[in-house]
>>> print(open('query30.txt').read())   # compact mmCIF, C-alpha atoms
# COMPACT_ATOMS: atom_id res chain seq x y z
CA MET A 1 108.41 34.38 -177.91
CA SER A 2 110.50 35.55 -175.01
CA GLU A 3 110.17 38.98 -173.46
CA ALA A 4 113.67 39.77 -174.62
CA VAL A 5 112.83 38.92 -178.20
CA ARG A 6 109.66 41.04 -178.00
CA ASP A 7 111.90 43.90 -176.94
CA CYS A 8 113.59 43.74 -180.30
CA GLU A 9 112.45 45.84 -183.19
CA LEU A 10 112.11 44.23 -186.60
CA ARG A 11 114.19 46.20 -188.97
CA GLY A 12 112.23 47.57 -191.93
CA GLY A 13 112.96 45.71 -195.15
CA HIS A 14 114.84 42.97 -193.33
CA ALA A 15 111.99 40.74 -192.28
CA GLY A 16 113.00 38.19 -189.74
CA HIS A 17 116.21 39.91 -188.74
CA VAL A 18 116.22 41.65 -185.40
CA THR A 19 117.87 44.91 -184.55
CA LEU A 20 118.76 45.39 -180.94
CA ARG A 21 117.53 48.47 -179.20
CA PRO A 22 120.14 50.59 -177.47
CA PRO A 23 121.35 48.38 -174.67
CA VAL A 24 119.40 49.23 -171.57
CA ARG A 25 121.75 47.23 -169.38
CA ALA A 26 124.84 48.89 -170.78
CA GLN A 27 125.64 51.00 -167.76
CA LYS A 28 129.35 50.70 -167.25
CA ILE A 29 130.13 48.78 -164.12
CA ARG A 30 133.42 49.71 -162.51
CA THR A 31 135.35 46.49 -162.26
CA ALA A 32 139.02 45.67 -162.48
CA ALA A 33 138.43 44.37 -166.01
CA GLY A 34 136.49 47.52 -166.89
CA GLU A 35 139.26 49.73 -165.62
CA ARG A 36 141.81 47.73 -167.60
CA SER A 37 139.65 48.22 -170.69
CA GLU A 38 139.50 51.95 -170.07
CA GLY A 39 143.28 51.91 -169.69
CA TRP A 40 143.64 50.37 -173.15
CA ILE A 41 141.37 52.99 -174.71
CA ASP A 42 143.14 55.88 -172.96
CA GLU A 43 146.57 54.66 -173.99
CA LEU A 44 145.56 54.00 -177.60
CA ARG A 45 144.11 57.52 -177.80
CA SER A 46 147.17 59.15 -176.29
CA ASP A 47 150.17 60.50 -178.15
CA GLY A 48 153.80 59.64 -178.63
CA ALA A 49 155.62 56.84 -176.85
CA GLU A 50 152.67 55.84 -174.67
CA ARG A 51 150.50 55.24 -177.74
CA ASP A 52 153.28 53.45 -179.61
CA GLU A 53 153.82 51.14 -176.67
CA ALA A 54 150.09 50.39 -176.41
CA ILE A 55 149.90 49.66 -180.14
CA GLY A 56 152.80 47.27 -179.79
CA ARG A 57 151.06 45.41 -176.97
CA LEU A 58 147.82 45.37 -178.94
CA HIS A 59 149.56 43.92 -181.98
CA ALA A 60 151.11 41.18 -179.86
CA LEU A 61 147.69 40.36 -178.44
CA LEU A 62 146.12 40.24 -181.91
CA LEU A 63 148.94 38.08 -183.22
CA ARG A 64 148.37 35.61 -180.40
CA ALA A 65 144.68 35.41 -181.34
CA ALA A 66 145.44 35.09 -185.05
CA ARG A 67 147.91 32.26 -184.42
CA PHE A 68 145.35 30.53 -182.21
CA GLU A 69 142.82 30.65 -185.05
CA VAL A 70 145.25 29.63 -187.77
CA MET A 71 146.30 26.58 -185.73
CA ARG A 72 142.67 25.60 -185.20
CA ARG A 73 142.13 25.68 -188.96
CA ALA A 74 145.47 24.34 -190.22
CA ARG A 75 143.99 20.92 -191.02
CA PHE A 76 141.80 22.52 -193.70
CA VAL A 77 144.86 23.77 -195.59
CA PRO A 78 147.28 20.81 -195.54
CA HIS A 79 149.00 22.17 -198.67
CA VAL A 80 150.07 25.35 -196.83
CA ARG A 81 153.44 25.13 -195.06
CA GLY A 82 154.03 26.22 -191.50
CA GLY A 83 155.99 29.33 -192.45
CA ASP A 84 153.22 30.41 -194.77
CA LEU A 85 150.67 29.87 -191.99
CA ASP A 86 152.76 32.15 -189.79
CA ASP A 87 152.57 34.76 -192.54
CA VAL A 88 148.80 34.36 -192.60
CA ALA A 89 148.66 34.93 -188.86
CA LEU A 90 150.90 38.00 -189.09
CA GLN A 91 148.88 39.51 -191.94
CA SER A 92 145.68 38.80 -190.00
CA ALA A 93 147.08 40.57 -186.94
CA ASN A 94 148.14 43.54 -189.07
CA ASP A 95 144.70 43.83 -190.68
CA ALA A 96 142.98 43.40 -187.33
CA LEU A 97 145.14 46.13 -185.80
CA VAL A 98 144.00 48.56 -188.50
CA ALA A 99 140.36 47.56 -187.93
CA VAL A 100 140.57 47.87 -184.13
CA LEU A 101 142.22 51.29 -184.26
CA ALA A 102 139.64 52.51 -186.78
CA LYS A 103 136.76 51.29 -184.62
CA LEU A 104 137.92 52.31 -181.15
CA ASP A 105 134.93 54.65 -180.84
CA ARG A 106 132.62 51.67 -181.23
CA PHE A 107 133.97 49.86 -178.18
CA ARG A 108 131.07 50.13 -175.73
CA GLY A 109 132.67 48.57 -172.70
CA GLN A 110 130.19 45.69 -172.69
CA SER A 111 132.99 43.15 -172.68
CA ARG A 112 136.66 43.27 -171.81
CA PHE A 113 138.65 45.24 -174.36
CA THR A 114 140.80 42.20 -175.05
CA THR A 115 137.75 40.04 -175.90
CA TRP A 116 136.45 42.78 -178.18
CA ALA A 117 139.82 43.07 -179.94
CA TYR A 118 140.32 39.31 -180.23
CA LYS A 119 137.26 38.92 -182.42
CA PHE A 120 138.80 41.10 -185.13
CA ALA A 121 141.94 38.96 -185.29
CA LEU A 122 139.95 35.72 -185.24
CA LEU A 123 137.73 36.95 -188.06
CA GLU A 124 140.65 38.06 -190.21
CA ALA A 125 142.46 34.76 -189.71
CA ALA A 126 139.36 32.64 -190.28
CA VAL A 127 138.49 34.42 -193.51
CA LYS A 128 142.04 34.14 -194.83
CA VAL A 129 142.29 30.43 -194.07
CA ARG A 130 138.86 29.68 -195.54
CA ARG A 131 139.86 31.51 -198.73
CA LEU A 132 143.14 29.59 -198.88
CA ALA A 133 141.24 26.33 -198.51
CA TRP A 134 139.07 27.22 -201.50
CA GLN A 135 141.79 28.83 -203.60
CA GLY A 136 141.59 27.53 -207.17
CA ARG A 137 138.44 25.52 -206.51
CA GLU A 138 135.32 26.02 -208.55
CA ILE A 139 132.34 27.32 -206.61
CA PRO A 140 129.37 25.08 -207.35
CA LEU A 141 126.28 27.26 -207.72
CA GLU A 142 123.99 24.62 -209.18
CA PRO A 143 122.85 21.35 -207.61
CA THR A 144 124.59 18.75 -209.68
CA GLU A 145 122.96 15.90 -207.81
CA TRP A 146 121.34 15.54 -204.42
CA PRO A 147 123.63 13.72 -202.03
CA ARG A 148 122.93 10.04 -201.49
CA PHE A 149 122.89 8.78 -197.94
CA ALA A 150 123.33 5.29 -196.58
CA ASP A 151 120.21 4.54 -194.60
CA SER A 152 120.59 0.99 -193.35
CA GLY A 153 119.85 1.81 -189.72
CA SER A 154 116.54 3.58 -190.23
CA SER A 155 113.03 2.22 -190.42
CA PRO A 156 111.37 2.28 -193.83
CA HIS A 157 108.89 4.83 -192.46
CA ALA A 158 111.66 7.21 -191.34
CA GLN A 159 113.47 6.79 -194.65
CA THR A 160 110.29 7.61 -196.54
CA GLU A 161 109.56 10.68 -194.41
CA ARG A 162 113.06 12.09 -194.84
CA GLY A 163 113.00 11.38 -198.57
CA GLU A 164 109.65 13.10 -198.92
CA LEU A 165 110.82 16.16 -196.99
CA LEU A 166 113.91 16.58 -199.16
CA GLY A 167 111.75 16.05 -202.25
CA GLU A 168 109.43 18.84 -201.15
CA ILE A 169 112.39 21.12 -200.42
CA SER A 170 113.88 20.36 -203.84
CA ARG A 171 110.62 21.21 -205.59
CA ALA A 172 110.29 24.43 -203.58
CA ILE A 173 113.84 25.42 -204.52
CA ASP A 174 112.87 25.06 -208.18
CA THR A 175 109.53 26.83 -207.96
CA GLU A 176 109.74 29.41 -205.14
CA LEU A 177 113.18 30.98 -205.35
CA THR A 178 114.65 33.59 -207.67
CA PRO A 179 117.71 32.46 -209.65
CA HIS A 180 119.98 34.45 -207.30
CA GLN A 181 118.37 33.01 -204.18
CA ARG A 182 118.70 29.53 -205.65
CA GLU A 183 122.39 30.02 -206.42
CA VAL A 184 123.16 31.35 -202.96
CA LEU A 185 121.17 28.64 -201.16
CA VAL A 186 122.68 25.85 -203.22
CA ALA A 187 126.23 27.12 -202.76
CA LEU A 188 125.98 27.81 -199.03
CA ALA A 189 123.53 25.23 -197.70
CA LEU A 190 123.79 22.34 -200.15
CA ASN A 191 127.40 22.54 -201.29
CA GLU A 192 128.69 24.09 -198.05
CA VAL A 193 130.80 26.82 -199.65
CA PRO A 194 132.00 29.18 -196.86
CA ILE A 195 129.99 32.39 -196.95
CA ASP A 196 132.99 34.73 -197.12
CA VAL A 197 134.50 32.71 -199.98
CA LEU A 198 131.25 33.04 -201.91
CA ALA A 199 131.04 36.75 -201.03
CA GLU A 200 134.51 37.33 -202.46
CA ARG A 201 133.73 35.44 -205.68
CA LEU A 202 130.43 37.26 -206.21
CA GLY A 203 131.80 40.68 -205.24
CA THR A 204 129.40 41.16 -202.36
CA THR A 205 129.43 41.04 -198.56
CA ARG A 206 128.85 38.30 -196.05
CA GLY A 207 125.93 40.24 -194.58
CA ALA A 208 124.24 40.71 -197.94
CA LEU A 209 124.63 37.02 -198.79
CA TYR A 210 123.22 35.91 -195.46
CA LYS A 211 120.21 38.17 -196.02
CA THR A 212 119.62 36.42 -199.36
CA LEU A 213 120.02 33.02 -197.69
CA HIS A 214 117.64 34.02 -194.92
CA ASP A 215 114.98 35.13 -197.41
CA ALA A 216 115.37 31.96 -199.46
CA ARG A 217 115.05 29.74 -196.41
CA ARG A 218 111.99 31.61 -195.31
CA LYS A 219 110.34 31.07 -198.69
CA LEU A 220 111.08 27.36 -198.45
CA ARG A 221 109.65 27.08 -194.94
CA ARG A 222 106.56 28.98 -196.02
CA ALA A 223 106.12 26.66 -199.02
CA LEU A 224 106.41 23.60 -196.78
CA ASP A 225 104.27 24.86 -193.93
CA PRO A 226 102.28 28.06 -194.57
CA GLU A 227 100.63 27.92 -191.13
CA GLU A 228 103.88 27.78 -189.20
CA GLU A 229 105.43 30.60 -191.18
CA ARG A 230 102.38 32.87 -190.86
CA GLY A 231 103.16 33.40 -187.19
CA GLN A 232 106.71 34.48 -188.01
CA ALA A 233 105.51 36.88 -190.69
CA ASP A 234 103.20 38.54 -188.17
CA ASP A 235 105.91 39.09 -185.58
CA MET B 1 121.92 19.09 -182.80
CA THR B 2 123.81 15.95 -181.90
CA ASP B 3 126.22 13.67 -183.70
CA LYS B 4 123.34 11.25 -184.14
CA THR B 5 121.44 13.58 -186.46
CA HIS B 6 120.80 11.76 -189.71
CA PRO B 7 122.67 13.32 -192.66
CA GLN B 8 119.37 13.87 -194.49
CA GLU B 9 117.95 15.70 -191.48
CA GLU B 10 121.12 17.75 -191.23
CA LEU B 11 120.81 18.67 -194.90
CA ALA B 12 117.16 19.66 -194.43
CA ARG B 13 118.18 21.76 -191.42
CA ARG B 14 120.84 23.57 -193.44
CA LEU B 15 118.43 24.22 -196.28
CA LEU B 16 115.52 25.42 -194.14
CA GLY B 17 117.55 27.30 -191.52
CA PRO B 18 116.34 28.39 -188.11
CA ALA B 19 112.78 29.56 -187.71
CA GLY B 20 112.10 32.82 -185.92
CA PRO B 21 113.86 36.15 -185.72
CA GLU B 22 117.62 36.11 -185.98
CA LEU B 23 120.47 38.57 -186.19
CA GLY B 24 122.36 39.15 -189.42
CA CYS B 25 126.11 38.52 -189.72
CA ASP B 26 127.04 42.15 -189.03
CA GLU B 27 124.92 42.37 -185.88
CA CYS B 28 126.27 38.99 -184.77
CA PHE B 29 129.84 40.27 -185.04
CA GLU B 30 128.91 43.42 -183.11
CA GLU B 31 127.50 41.39 -180.23
CA LEU B 32 129.85 38.41 -180.26
CA ASP B 33 132.24 39.53 -177.51
CA ARG B 34 129.41 40.46 -175.15
CA TYR B 35 127.57 37.20 -175.88
CA VAL B 36 130.62 35.04 -175.21
CA GLU B 37 131.45 36.79 -171.94
CA LEU B 38 127.84 36.49 -170.78
CA GLU B 39 127.88 32.79 -171.59
CA LEU B 40 131.04 32.28 -169.58
CA ALA B 41 129.90 34.43 -166.66
CA ARG B 42 128.28 32.67 -163.75
CA GLY B 43 124.55 33.37 -163.90
CA GLY B 44 124.74 35.18 -167.23
CA ASP B 45 121.84 34.68 -169.63
CA ALA B 46 123.42 35.36 -172.99
CA ASN B 47 120.42 34.29 -175.06
CA ALA B 48 118.07 36.64 -173.23
CA ALA B 49 120.54 39.52 -173.42
CA VAL B 50 121.25 39.06 -177.12
CA PRO B 51 118.01 37.82 -178.71
CA GLY B 52 118.36 36.35 -182.15
CA MET B 53 122.01 35.40 -181.62
CA ARG B 54 121.49 31.70 -180.97
CA ALA B 55 119.23 31.35 -184.02
CA HIS B 56 121.85 33.06 -186.17
CA LEU B 57 124.64 30.85 -184.88
CA ASP B 58 122.48 27.81 -185.70
CA GLY B 59 121.95 29.09 -189.24
CA CYS B 60 125.35 30.54 -190.15
CA PRO B 61 128.31 28.12 -190.05
CA ALA B 62 130.89 30.90 -190.47
CA CYS B 63 129.58 32.90 -187.52
CA GLN B 64 129.26 29.68 -185.52
CA GLU B 65 132.97 29.05 -186.15
CA ASP B 66 133.88 32.62 -185.17
CA TYR B 67 131.84 32.22 -181.98
CA ALA B 68 133.44 28.88 -181.13
CA SER B 69 136.93 30.28 -181.64
CA LEU B 70 136.36 33.38 -179.53
CA ARG B 71 134.82 31.32 -176.76
CA ALA B 72 137.70 28.82 -176.86
CA LEU B 73 140.30 31.60 -176.79
CA VAL B 74 138.68 33.45 -173.90
CA GLU B 75 138.29 30.20 -171.97
CA ALA B 76 141.93 29.30 -172.65
CA GLU B 77 143.07 32.65 -171.27
CA ALA B 78 140.85 32.56 -168.19
>>> encode(input="query30.txt", output="structure tokens")
Amino acid sequence: MSEAVRDCELRGGHAGHVTLRPPVRAQKIRTAAGERSEGWIDELRSDGAERDEAIGRLHALLLRAARFEVMRRARFVPHVRGGDLDDVALQSANDALVAVLAKLDRFRGQSRFTTWAYKFALLEAAVKVRRLAWQGREIPLEPTEWPRFADSGSSPHAQTERGELLGEISRAIDTELTPHQREVLVALALNEVPIDVLAERLGTTRGALYKTLHDARRKLRRALDPEEERGQADD
Amino acid sequence: MTDKTHPQEELARRLLGPAGPELGCDECFEELDRYVELELARGGDANAAVPGMRAHLDGCPACQEDYASLRALVEAEA
């Protein structure tokens, strides 16, 4: 384990997840980028025309990021027309603008303001496109059948080993997991349902679902190799 | 992971996830901008500065996509 990882505190009740300590290297360094970031914050916290102008520039920046993301993902939604994709980008930018303005106090100056703001627009756009891609599709929560794989290029020994590993995992899924953990693992890891699509369908959050997935995976690893997992549990 | 990973191994990797401590999705989002800029900075050690991030990105496809997009956008604007 690295020194940096040892510096992390395990969060109570969230075994295996790390919570970062207050950033010890967070001293603000005065750079041109830092000063530009401070300029953004000052203008967005000001009043009147200066604030309106800054919000307009911020929206344009967020729209650029949202369009970038929508274009990257357009191939996953071939049934959505270009004009509708533009609407998705605009709605994403609008939602991101609300989020950024609500969270200005959480900007710590550890990156450029623009990079910090971009991530809100990218997230909004990514979630919207993933949901569009799964609109009207059933979410498979049960393993209907394990995927079959062509294995002509592998040695018989390698084929056997891989088959045995998946067999052990399958048995552990049946015997070690709660019904909810099994549903979440099967949907996310076996059937590759996007996590925010599943979160929306189940009425929960992405963070809560990932915690369930993390716990399920840990149970499986422990079932397959108790010795290896003991070290993690002791961390 | 490479393109040569056998589909069965890839499936096992998705099911078992990364070993070791990792961030959750919320913490990943909080740190994403700093992590990307450290990665792109000359001499930056993003994995040491944000422990648990790499493991989370290996285990969470959605966060991996968000990371890849932010990195691509910042690189494109550089």
>>> residues_around(input="query30.txt", residues="segment 35-41 of chain B", least_positions_apart="5", cutoff="12 Å", atoms="all atoms listed in the file", output="count of residues only")
38
>>> atom_distance(input="query30.txt", atom1="atom CA of Leu32 of chain B", atom2="atom CA of Glu9 of chain B")
28.0 Å
>>> atom_distance(input="query30.txt", atom1="atom CA of Glu227 of chain A", atom2="atom CA of Pro18 of chain B")
16.0 Å
>>> closest_residue(input="query30.txt", among="B:Asp33, B:Gly59, B:Asp45, B:Glu77", to="Ala12 of chain B", atoms="all atoms listed in the file")
B:Gly59
>>> residues_around(input="query30.txt", residues="Cys60 of chain B", least_positions_apart="5", cutoff="12 Å", atoms="all atoms listed in the file", output="MDAnalysis selection string")
(chainID A and resid 185 188:189 192:196 206:207 209:211 213:214) or (chainID B and resid 13:18 22:26 28:29 53:55 65:67)
>>> closest_residue(input="query30.txt", among="A:Ala93, A:Ala117, A:Leu62, A:Leu141", to="Arg34 of chain B", atoms="all atoms listed in the file")
A:Ala117
>>> closest_residue(input="query30.txt", among="B:Ala62, B:Gly44, B:Pro7, B:His56", to="Pro21 of chain B", atoms="all atoms listed in the file")
B:His56
>>> atom_distance(input="query30.txt", atom1="atom CA of Arg75 of chain A", atom2="atom CA of Trp134 of chain A")
13.2 Å
>>> closest_residue(input="query30.txt", among="A:Gln91, A:Thr178, A:Gln135, A:Gln159", to="chain B", atoms="all atoms listed in the file")
A:Gln159
>>> closest_residue(input="query30.txt", among="B:Pro61, B:Arg42, B:Gly20, B:Glu31", to="Arg221 of chain A", atoms="only C-alpha atoms")
B:Gly20
>>> residues_around(input="query30.txt", residues="Val100 of chain A", least_positions_apart="4", cutoff="8 Å", atoms="all atoms listed in the file", output="PyMOL selection string")
chain A and resi 96+104+117+120
>>> closest_residue(input="query30.txt", among="A:Ala216, A:Leu61, A:Ile173, A:Val88", to="Arg130 of chain A", atoms="only C-alpha atoms")
A:Val88
>>> residues_near_point(input="query30.txt", point="(150.7, 46.4, -179.7)", cutoff="12 Å", atoms="only C-alpha atoms", output="PyMOL selection string")
chain A and resi 40+43-44+49-64+93-94+96-98+100-101+114+117
>>> build_atoms(input="query30.txt", residues="segment 58-73 of chain B", atoms="N, CA, C and O atoms", output="compact mmCIF listing (two decimals), keeping the file's coordinate frame")
# COMPACT_ATOMS: atom_id res chain seq x y z
N ASP B 58 122.96 29.10 -185.18
CA ASP B 58 122.48 27.81 -185.70
C ASP B 58 122.39 27.83 -187.23
O ASP B 58 122.46 26.78 -187.87
N GLY B 59 122.19 29.02 -187.80
CA GLY B 59 121.95 29.09 -189.24
C GLY B 59 123.15 29.50 -190.06
O GLY B 59 123.12 29.38 -191.29
N CYS B 60 124.20 30.00 -189.40
CA CYS B 60 125.35 30.54 -190.15
C CYS B 60 126.63 29.83 -189.70
O CYS B 60 127.19 30.17 -188.64
N PRO B 61 127.12 28.87 -190.47
CA PRO B 61 128.31 28.12 -190.05
C PRO B 61 129.53 29.01 -189.82
O PRO B 61 130.31 28.75 -188.89
N ALA B 62 129.70 30.05 -190.63
CA ALA B 62 130.89 30.90 -190.47
C ALA B 62 130.84 31.65 -189.13
O ALA B 62 131.85 31.72 -188.41
N CYS B 63 129.69 32.20 -188.81
CA CYS B 63 129.58 32.90 -187.52
C CYS B 63 129.67 31.92 -186.35
O CYS B 63 130.22 32.26 -185.29
N GLN B 64 129.14 30.71 -186.56
CA GLN B 64 129.26 29.68 -185.52
C GLN B 64 130.74 29.38 -185.25
O GLN B 64 131.17 29.23 -184.10
N GLU B 65 131.54 29.31 -186.32
CA GLU B 65 132.97 29.05 -186.15
C GLU B 65 133.65 30.23 -185.44
O GLU B 65 134.51 30.03 -184.57
N ASP B 66 133.28 31.44 -185.82
CA ASP B 66 133.88 32.62 -185.17
C ASP B 66 133.53 32.63 -183.68
O ASP B 66 134.37 32.94 -182.83
N TYR B 67 132.29 32.30 -183.38
CA TYR B 67 131.84 32.22 -181.98
C TYR B 67 132.64 31.16 -181.21
O TYR B 67 133.15 31.42 -180.11
N ALA B 68 132.75 29.98 -181.81
CA ALA B 68 133.44 28.88 -181.13
C ALA B 68 134.90 29.24 -180.87
O ALA B 68 135.45 28.93 -179.79
N SER B 69 135.52 29.91 -181.82
CA SER B 69 136.93 30.28 -181.64
C SER B 69 137.09 31.33 -180.54
O SER B 69 138.00 31.23 -179.71
N LEU B 70 136.23 32.33 -180.55
CA LEU B 70 136.36 33.38 -179.53
C LEU B 70 136.11 32.79 -178.15
O LEU B 70 136.84 33.08 -177.19
N ARG B 71 135.11 31.94 -178.05
CA ARG B 71 134.82 31.32 -176.76
C ARG B 71 136.01 30.47 -176.29
O ARG B 71 136.40 30.51 -175.12
N ALA B 72 136.56 29.69 -177.21
CA ALA B 72 137.70 28.82 -176.86
C ALA B 72 138.90 29.67 -176.43
O ALA B 72 139.60 29.32 -175.47
N LEU B 73 139.14 30.76 -177.13
CA LEU B 73 140.30 31.60 -176.79
C LEU B 73 140.12 32.27 -175.42
O LEU B 73 141.05 32.28 -174.60
